[in-house]
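Encoded as structure tokens, the structure appears first; notes follow it.
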Amino acid sequence: MDEVWGWSAAAIGRAVGAGEATAREVVEGCLARIDEVNPAVNAVTVRFEEALADADRIDARVRAGEHVGPLAGVPFTVKENIDVAGHPTTHGVPRFRDAVAPADAPPVRRLRAAGAIPIGHSNMPDLALAGNTTVSQLFGETRNPWGAIRTPGGSSGGDGAAVAAGMAPLGLGNDSGGSVRLPAMFCGVAALKPSYGGIAQDHRVGGADPTLASQLFPVDGPIARTVEDLELAFDALAGPDPADPRTVPRAACAPPARRVALCTDPAGLGVDPQIRAELARAAGALTDAGYEVVEADPPQIAEALMAYGTLITAEFGLRWPSIRRLLTEESARHMELSMAQRPPAELEGYLAATATRFGVMRAWDAFAERYPLVLGPVYTERPFDVDPFDADQGLRAMLGMRLCTATTCAGVPAVAVPTGVVDGQPLGVQLIGPRHREDVCFAAAREVAARLAVATPVRTPRIGS
């Protein structure tokens with residue numbers, strides 16, 4: 001694909017850094033692509049007009065002989081709940097439409113330092129509370145550019161759709177139970193959920209620091225069309241940062257044994273036959289690459305789901321009356337279903353859940369000594385559009401993401417990678433590594449992607465009804 005909007009982040013960084021292309025050409029190409037396809041896809045909510053001036057500054061540095069960074073001139077989108085200086089961080093709701101960010105959030109700052117250029121905010125569901133859909137009060141519905149279903153997944157669906165449609169080679173979203181991995185699967189791209197403490201972030205709302213569950217579970221992470229681009233983004237994002245006391249230095253460890261636990265049906269609750277087939281294809285790719293694949297389930301998935309649900313609903317339950325006022329009936333349904341499944345706990349139950357989470361983390365670390373990699377589903381269902389008022393469908397969607405939820409609770413890294421297209425809809429798997437060993441996930445994901453490539457960007461978005 002010759003159009004610059006179809007280039008990978010790695011290709012852009014090399015070309016701009018070497019003076020073979022200009023950052024202005026790249027940004028102009030992506031802005032033109034946004035003009036062309038965003039009216040149908042509705043992934044980018046606000047274009048950052050200063051991106052062209054940012055590109056000119058990158059080009060001036062290149063002409064001066066400076067080493068700009070591995071992401072020189074690479075445009076990226078930024079989810080509506082991550083601060084970009086000078087722009088409102090709306091969270092998709094009218095209450096924050098004028099909440100202009102005074103400074104970049106840490107991951108935006110670090111991507112800029114590597115030469116990347118924020119090109120626009122990307123859509124998300126109201127307060128990121130709508131499961132596998134991306135519909136906000138302020139910006140409406142984001143559509144899947146593949147067209148087989150309407151939804152691009154959620155809650156980082158704007159970034160997933162934008163990357164898949166060629167509006168930017170990178171997206172910056174966040175994941176608190178599948179929110180970058182689900183859009184990656186639904187849109188045929190790749191995504192990283194980093195380890196807890198792997199990437200600095202700032203999720204304050206109105207200057208208030210988040211409470212415990214919102215400190216432990218959401219992690220910012222990139223979405224890209226290639227695993228190489230994910231690695232480049234993570235190289236820029238990872239490591240300690242004074243803005244976030246949770247962040248730790250990157251691990252420098254020897255490669256672990258190439259043993260893979262194949263987890264086809266987490267917790268034995270059922271899996272779609274086509275998802276089972278995609279896992280078998282990915283297992284075959286890893287076997288072909290020299291990995292030893294053994295069927296084995298990670299420990300304490302049910303306990304992880306219990307602890308996660310208890311911690312989330314206990315905290316949301318306390319604040320739900322004020323949060324509920326910011327939402328529509330439709331966008332409130334996901335959280336109401338969660339609280340119906342697991343009513344908010346009293347203090348004793350909440351404290352017990354913190355202990356359960358700690359035990360889950362210990363058990364996963366022990367499991368990783370035997371199986372340094374887990375291959376499992378992102379979603380145990382084939383992607384489908386969820387009716388928010390259908391409780392059975394909502395429960396199916398929640399349970400479908402259960403391995404995403406469990407890995408979030410355990411705090412371990414995971415890379416979602418596409419494996420094929422069935423009936424016009426991309427499908428994929430995730431590769432889960434030991435704590436702070438994103439490199440293990442990347443190495444395996446590269447092998448799967450090399451053997452089961454899915455072509456993106458989607459040249460002509462096919463928007464379904």
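By order of appearance in the structure tokens: chains A, B, ..., then residues from 1 within every chain, and ligands from 1 in the order shown.
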
- Exercise: Asp35 (chain A) partners within 12 Å, only C-alpha atoms, chain neighbours under 6 positions left out, as a ChimeraX atom specification: /A:28-29,41-47,162,165-167

- Task: Please provide as a list in words all residues within 10 Å of Pro255 (chain A), with the sequence filter that same-chain residues fewer than 5 positions apart are discarded (counting only C-alpha atoms).
- Result: Pro372, Arg437, Asp439, Val440 and Ala443 of chain A

For Glu3 (chain A), the closest of A:Ile312, A:Val26, A:Arg61, A:Glu20 counting only C-alpha atoms is A:Val26

Close residues, Gly6 (chain A) itself excluded, 10 Å, only C-alpha atoms, min 5 positions apart in chain, as a ChimeraX atom specification: /A:1,11-12,29-30,33,163-169,225,456-459

In Å and to one decimal, CA of Ala10 (chain A) is distant from CA of Leu31 (chain A) by 18.8 Å

Dump as a tab-separated table the rows for residues of region 105-143 of chain A within 8 Å of region 191-215 of chain A: closest atom pair and distance in Å with one decimal, only C-alpha atoms counted, ordered by chain and rising residue number.
residue	atom	partner	partner_atom	distance
A:Ala105	CA	A:Asp202	CA	5.9
A:Pro106	CA	A:Gln201	CA	5.4
A:Pro107	CA	A:Gln201	CA	6.2

What lies within 8 Å of Ala128 (chain A) using only C-alpha atoms, ignoring chain neighbours under 2 positions off, as a list in words? His91, Met124, Pro125, Asp126, Ala130, Gly131, Gly154 and Ser155 of chain A

Quick one: write out the picked residues with N, CA and C atoms as a PDB file, in the first residue's frame?
ATOM      1  N   HIS A  91     -14.392  12.256  28.490  1.00  0.00           N
ATOM      2  CA  HIS A  91     -14.923  10.956  28.911  1.00  0.00           C
ATOM      3  C   HIS A  91     -16.235  10.632  28.192  1.00  0.00           C
ATOM      4  N   MET A 124     -15.142   6.852  22.779  1.00  0.00           N
ATOM      5  CA  MET A 124     -15.272   5.830  23.818  1.00  0.00           C
ATOM      6  C   MET A 124     -16.694   5.893  24.341  1.00  0.00           C
ATOM      7  N   PRO A 125     -17.191   4.832  24.972  1.00  0.00           N
ATOM      8  CA  PRO A 125     -18.515   4.909  25.598  1.00  0.00           C
ATOM      9  C   PRO A 125     -18.493   5.826  26.808  1.00  0.00           C
ATOM     10  N   ASP A 126     -19.639   6.297  27.201  1.00  0.00           N
ATOM     11  CA  ASP A 126     -19.759   7.196  28.347  1.00  0.00           C
ATOM     12  C   ASP A 126     -18.998   6.647  29.549  1.00  0.00           C
ATOM     13  N   ALA A 130     -19.491   0.807  28.901  1.00  0.00           N
ATOM     14  CA  ALA A 130     -20.486   0.145  28.059  1.00  0.00           C
ATOM     15  C   ALA A 130     -20.028  -1.187  27.494  1.00  0.00           C
ATOM     16  N   GLY A 131     -19.116  -1.872  28.151  1.00  0.00           N
ATOM     17  CA  GLY A 131     -18.756  -3.221  27.713  1.00  0.00           C
ATOM     18  C   GLY A 131     -18.136  -3.247  26.338  1.00  0.00           C
ATOM     19  N   GLY A 154     -15.182  -2.433  22.680  1.00  0.00           N
ATOM     20  CA  GLY A 154     -15.049  -1.313  23.617  1.00  0.00           C
ATOM     21  C   GLY A 154     -14.133  -1.689  24.776  1.00  0.00           C
ATOM     22  N   SER A 155     -13.756  -0.740  25.571  1.00  0.00           N
ATOM     23  CA  SER A 155     -14.223   0.631  25.443  1.00  0.00           C
ATOM     24  C   SER A 155     -13.296   1.522  24.607  1.00  0.00           C
TER      25      SER A 155
END

Per residue of region 377-427 of chain A within 12 Å of region 338-359 of chain A, what are the shortest atom pair and its distance in Å to one decimal, counting only C-alpha atoms, with rows by chain and residue number, as CSV?
residue,atom,partner,partner_atom,distance
A:Ala391,CA,A:Ala340,CA,10.1
A:Asp392,CA,A:Gln341,CA,11.6
A:Gly394,CA,A:Ser338,CA,9.2
A:Leu395,CA,A:Ser338,CA,8.5
A:Arg396,CA,A:Ser338,CA,11.9
A:Ala397,CA,A:Ser338,CA,11.3
A:Met398,CA,A:Ser338,CA,8.5
A:Leu399,CA,A:Ser338,CA,10.9
A:Ala406,CA,A:Arg357,CA,9.9
A:Thr407,CA,A:Arg357,CA,11.0
A:Thr408,CA,A:Arg357,CA,10.4
A:Cys409,CA,A:Arg357,CA,6.7
A:Ala410,CA,A:Arg357,CA,7.1
A:Gly411,CA,A:Arg357,CA,9.7

File of the preceding selection, N, CA and C atoms, as a PDB file, in the first residue's frame:
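Written output follows (selection.pdb):
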ATOM      1  N   ALA A 391     -30.585  -8.531  29.023  1.00  0.00           N
ATOM      2  CA  ALA A 391     -29.708  -8.958  30.109  1.00  0.00           C
ATOM      3  C   ALA A 391     -28.943 -10.228  29.765  1.00  0.00           C
ATOM      4  N   ASP A 392     -29.568 -11.149  29.043  1.00  0.00           N
ATOM      5  CA  ASP A 392     -28.880 -12.390  28.668  1.00  0.00           C
ATOM      6  C   ASP A 392     -27.708 -12.099  27.740  1.00  0.00           C
ATOM      7  N   GLY A 394     -26.086  -9.258  27.549  1.00  0.00           N
ATOM      8  CA  GLY A 394     -25.082  -8.557  28.344  1.00  0.00           C
ATOM      9  C   GLY A 394     -24.247  -9.501  29.176  1.00  0.00           C
ATOM     10  N   LEU A 395     -24.891 -10.511  29.765  1.00  0.00           N
ATOM     11  CA  LEU A 395     -24.160 -11.487  30.558  1.00  0.00           C
ATOM     12  C   LEU A 395     -23.233 -12.319  29.673  1.00  0.00           C
ATOM     13  N   ARG A 396     -23.715 -12.704  28.485  1.00  0.00           N
ATOM     14  CA  ARG A 396     -22.863 -13.439  27.542  1.00  0.00           C
ATOM     15  C   ARG A 396     -21.616 -12.636  27.210  1.00  0.00           C
ATOM     16  N   ALA A 397     -21.805 -11.347  26.971  1.00  0.00           N
ATOM     17  CA  ALA A 397     -20.666 -10.497  26.621  1.00  0.00           C
ATOM     18  C   ALA A 397     -19.689 -10.390  27.783  1.00  0.00           C
ATOM     19  N   MET A 398     -20.195 -10.222  28.993  1.00  0.00           N
ATOM     20  CA  MET A 398     -19.318 -10.121  30.159  1.00  0.00           C
ATOM     21  C   MET A 398     -18.532 -11.409  30.358  1.00  0.00           C
ATOM     22  N   LEU A 399     -19.211 -12.552  30.277  1.00  0.00           N
ATOM     23  CA  LEU A 399     -18.530 -13.827  30.467  1.00  0.00           C
ATOM     24  C   LEU A 399     -17.576 -14.122  29.317  1.00  0.00           C
ATOM     25  N   ALA A 406      -9.712 -11.796  34.172  1.00  0.00           N
ATOM     26  CA  ALA A 406      -8.822 -12.506  35.099  1.00  0.00           C
ATOM     27  C   ALA A 406      -7.389 -12.004  34.988  1.00  0.00           C
ATOM     28  N   THR A 407      -6.920 -11.755  33.766  1.00  0.00           N
ATOM     29  CA  THR A 407      -5.545 -11.273  33.612  1.00  0.00           C
ATOM     30  C   THR A 407      -5.389  -9.857  34.132  1.00  0.00           C
ATOM     31  N   THR A 408      -6.445  -9.056  34.022  1.00  0.00           N
ATOM     32  CA  THR A 408      -6.412  -7.724  34.631  1.00  0.00           C
ATOM     33  C   THR A 408      -6.287  -7.846  36.140  1.00  0.00           C
ATOM     34  N   CYS A 409      -7.063  -8.731  36.736  1.00  0.00           N
ATOM     35  CA  CYS A 409      -6.984  -8.921  38.181  1.00  0.00           C
ATOM     36  C   CYS A 409      -5.584  -9.374  38.606  1.00  0.00           C
ATOM     37  N   ALA A 410      -4.987 -10.268  37.815  1.00  0.00           N
ATOM     38  CA  ALA A 410      -3.657 -10.779  38.148  1.00  0.00           C
ATOM     39  C   ALA A 410      -2.552  -9.775  37.851  1.00  0.00           C
ATOM     40  N   GLY A 411      -2.840  -8.760  37.036  1.00  0.00           N
ATOM     41  CA  GLY A 411      -1.854  -7.723  36.750  1.00  0.00           C
ATOM     42  C   GLY A 411      -0.783  -8.115  35.760  1.00  0.00           C
TER      43      GLY A 411
END

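Computed from the coordinates, the CA of Gly73 (chain A) to CA of Gly221 (chain A) distance equals 19.5 Å.
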
Just the residues within 10 Å of region 294-303 of chain A, please, counting only C-alpha atoms, with nothing from its chain fewer than 4 positions along; format it as number ranges by chain. A: 259-268, 283, 307-309, 353, 356-357, 359-368, 371, 374-376, 402-403, 405-407, 409-410

Those same residues - C-alpha atoms - I'd like them written as a PDB file, in the first residue's frame.
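Generated output (out_20.pdb):
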ATOM      1  CA  ARG A 259       6.365 -23.650  26.983  1.00  0.00           C
ATOM      2  CA  VAL A 260       2.822 -22.517  26.294  1.00  0.00           C
ATOM      3  CA  ALA A 261      -0.340 -23.334  28.235  1.00  0.00           C
ATOM      4  CA  LEU A 262      -3.257 -23.536  25.818  1.00  0.00           C
ATOM      5  CA  CYS A 263      -6.398 -22.370  27.656  1.00  0.00           C
ATOM      6  CA  THR A 264      -9.316 -22.927  25.315  1.00  0.00           C
ATOM      7  CA  ASP A 265     -12.287 -22.542  27.671  1.00  0.00           C
ATOM      8  CA  PRO A 266     -11.439 -20.445  30.754  1.00  0.00           C
ATOM      9  CA  ALA A 267     -13.273 -21.709  33.835  1.00  0.00           C
ATOM     10  CA  GLY A 268     -15.165 -24.235  31.678  1.00  0.00           C
ATOM     11  CA  ALA A 283      -1.271 -23.110  18.705  1.00  0.00           C
ATOM     12  CA  ALA A 307     -12.261 -10.425  43.440  1.00  0.00           C
ATOM     13  CA  TYR A 308     -12.415  -8.141  40.419  1.00  0.00           C
ATOM     14  CA  GLY A 309     -16.198  -7.922  40.486  1.00  0.00           C
ATOM     15  CA  ALA A 353     -11.584  -9.513  47.945  1.00  0.00           C
ATOM     16  CA  THR A 356      -8.254 -12.998  47.204  1.00  0.00           C
ATOM     17  CA  ARG A 357      -6.641 -10.801  44.553  1.00  0.00           C
ATOM     18  CA  GLY A 359      -3.627 -14.928  46.262  1.00  0.00           C
ATOM     19  CA  VAL A 360      -4.569 -14.871  42.573  1.00  0.00           C
ATOM     20  CA  MET A 361      -1.412 -12.915  41.776  1.00  0.00           C
ATOM     21  CA  ARG A 362       0.726 -15.388  43.704  1.00  0.00           C
ATOM     22  CA  ALA A 363      -0.884 -18.357  41.956  1.00  0.00           C
ATOM     23  CA  TRP A 364      -0.398 -16.833  38.494  1.00  0.00           C
ATOM     24  CA  ASP A 365       3.268 -16.126  39.221  1.00  0.00           C
ATOM     25  CA  ALA A 366       3.776 -19.744  40.285  1.00  0.00           C
ATOM     26  CA  PHE A 367       1.980 -20.972  37.153  1.00  0.00           C
ATOM     27  CA  ALA A 368       4.263 -18.806  35.004  1.00  0.00           C
ATOM     28  CA  TYR A 371       4.213 -22.100  31.650  1.00  0.00           C
ATOM     29  CA  VAL A 374      -0.608 -18.659  28.055  1.00  0.00           C
ATOM     30  CA  LEU A 375      -2.489 -18.799  24.759  1.00  0.00           C
ATOM     31  CA  GLY A 376      -6.184 -18.107  25.231  1.00  0.00           C
ATOM     32  CA  ARG A 402     -13.562 -13.512  31.364  1.00  0.00           C
ATOM     33  CA  LEU A 403      -9.928 -14.300  30.550  1.00  0.00           C
ATOM     34  CA  THR A 405     -10.893  -9.841  33.328  1.00  0.00           C
ATOM     35  CA  ALA A 406      -8.822 -12.506  35.099  1.00  0.00           C
ATOM     36  CA  THR A 407      -5.545 -11.273  33.612  1.00  0.00           C
ATOM     37  CA  CYS A 409      -6.984  -8.921  38.181  1.00  0.00           C
ATOM     38  CA  ALA A 410      -3.657 -10.779  38.148  1.00  0.00           C
TER      39      ALA A 410
END

- Task: Please run DSSP on the backbone and report, as a PyMOL selection string, all residues within region 189-321 of chain A that come out as alpha helix (DSSP H).
- Result: chain A and resi 212-216+227-237+273-288+301-321

Among A:Cys441, A:Val429, A:Ala314, A:Ile82, Pro102 (chain A) is approached most closely, using only C-alpha atoms, by A:Ile82

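When CA of Ile223 (chain A) is paired with CA of Arg181 (chain A), their separation reads 8.4 Å.
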
Would you pick out the contacts of Val62 (chain A) at 10 Å or less, using only C-alpha atoms, so that residues sharing its chain but fewer than 2 positions from it are not included, and give the list as a ChimeraX atom specification?
/A:16-19,22-23,56-60,64-69,72

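Considering only C-alpha atoms, the residue among A:Ala444, A:Leu127, A:Ala455, A:Leu427 positioned nearest to Thr380 (chain A) is A:Leu427.
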
DSSP strand (DSSP E) residues within region 156-403 of chain A, as a PyMOL selection string: chain A and resi 170-175+190-193+219-224+259-262+292-295+373-377

Problem set entry | Shortest interatomic distance to Val100 (chain A) - which of A:Asp288, A:Glu80, A:Ala116, A:Ala414, counting only C-alpha atoms |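 Of A:Asp288, A:Glu80, A:Ala116, A:Ala414, the one nearest Val100 (chain A), counting only C-alpha atoms, is A:Glu80.
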
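Contact shell of Glu438 (chain A) at 7 Å (only C-alpha atoms; same-chain neighbours under 4 positions omitted): A:Pro194, A:Pro413, A:Gly433, A:Phe442.
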
Given the selection you just returned, output its residues as a file containing N, CA and C atoms, formatted as a PDB file, in the first residue's frame.
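Here's the written file again34.pdb:
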ATOM      1  N   PRO A 194      -0.525  -3.853  29.144  1.00  0.00           N
ATOM      2  CA  PRO A 194       0.731  -4.044  29.875  1.00  0.00           C
ATOM      3  C   PRO A 194       0.499  -4.546  31.299  1.00  0.00           C
ATOM      4  N   PRO A 413       0.805  -9.090  31.753  1.00  0.00           N
ATOM      5  CA  PRO A 413       0.668  -8.512  30.424  1.00  0.00           C
ATOM      6  C   PRO A 413       0.027  -9.470  29.438  1.00  0.00           C
ATOM      7  N   GLY A 433       1.751 -13.251  29.316  1.00  0.00           N
ATOM      8  CA  GLY A 433       3.087 -13.554  29.805  1.00  0.00           C
ATOM      9  C   GLY A 433       3.219 -13.386  31.307  1.00  0.00           C
ATOM     10  N   PHE A 442       5.355 -10.388  23.199  1.00  0.00           N
ATOM     11  CA  PHE A 442       5.691  -9.879  21.873  1.00  0.00           C
ATOM     12  C   PHE A 442       6.343 -10.951  21.009  1.00  0.00           C
TER      13      PHE A 442
END
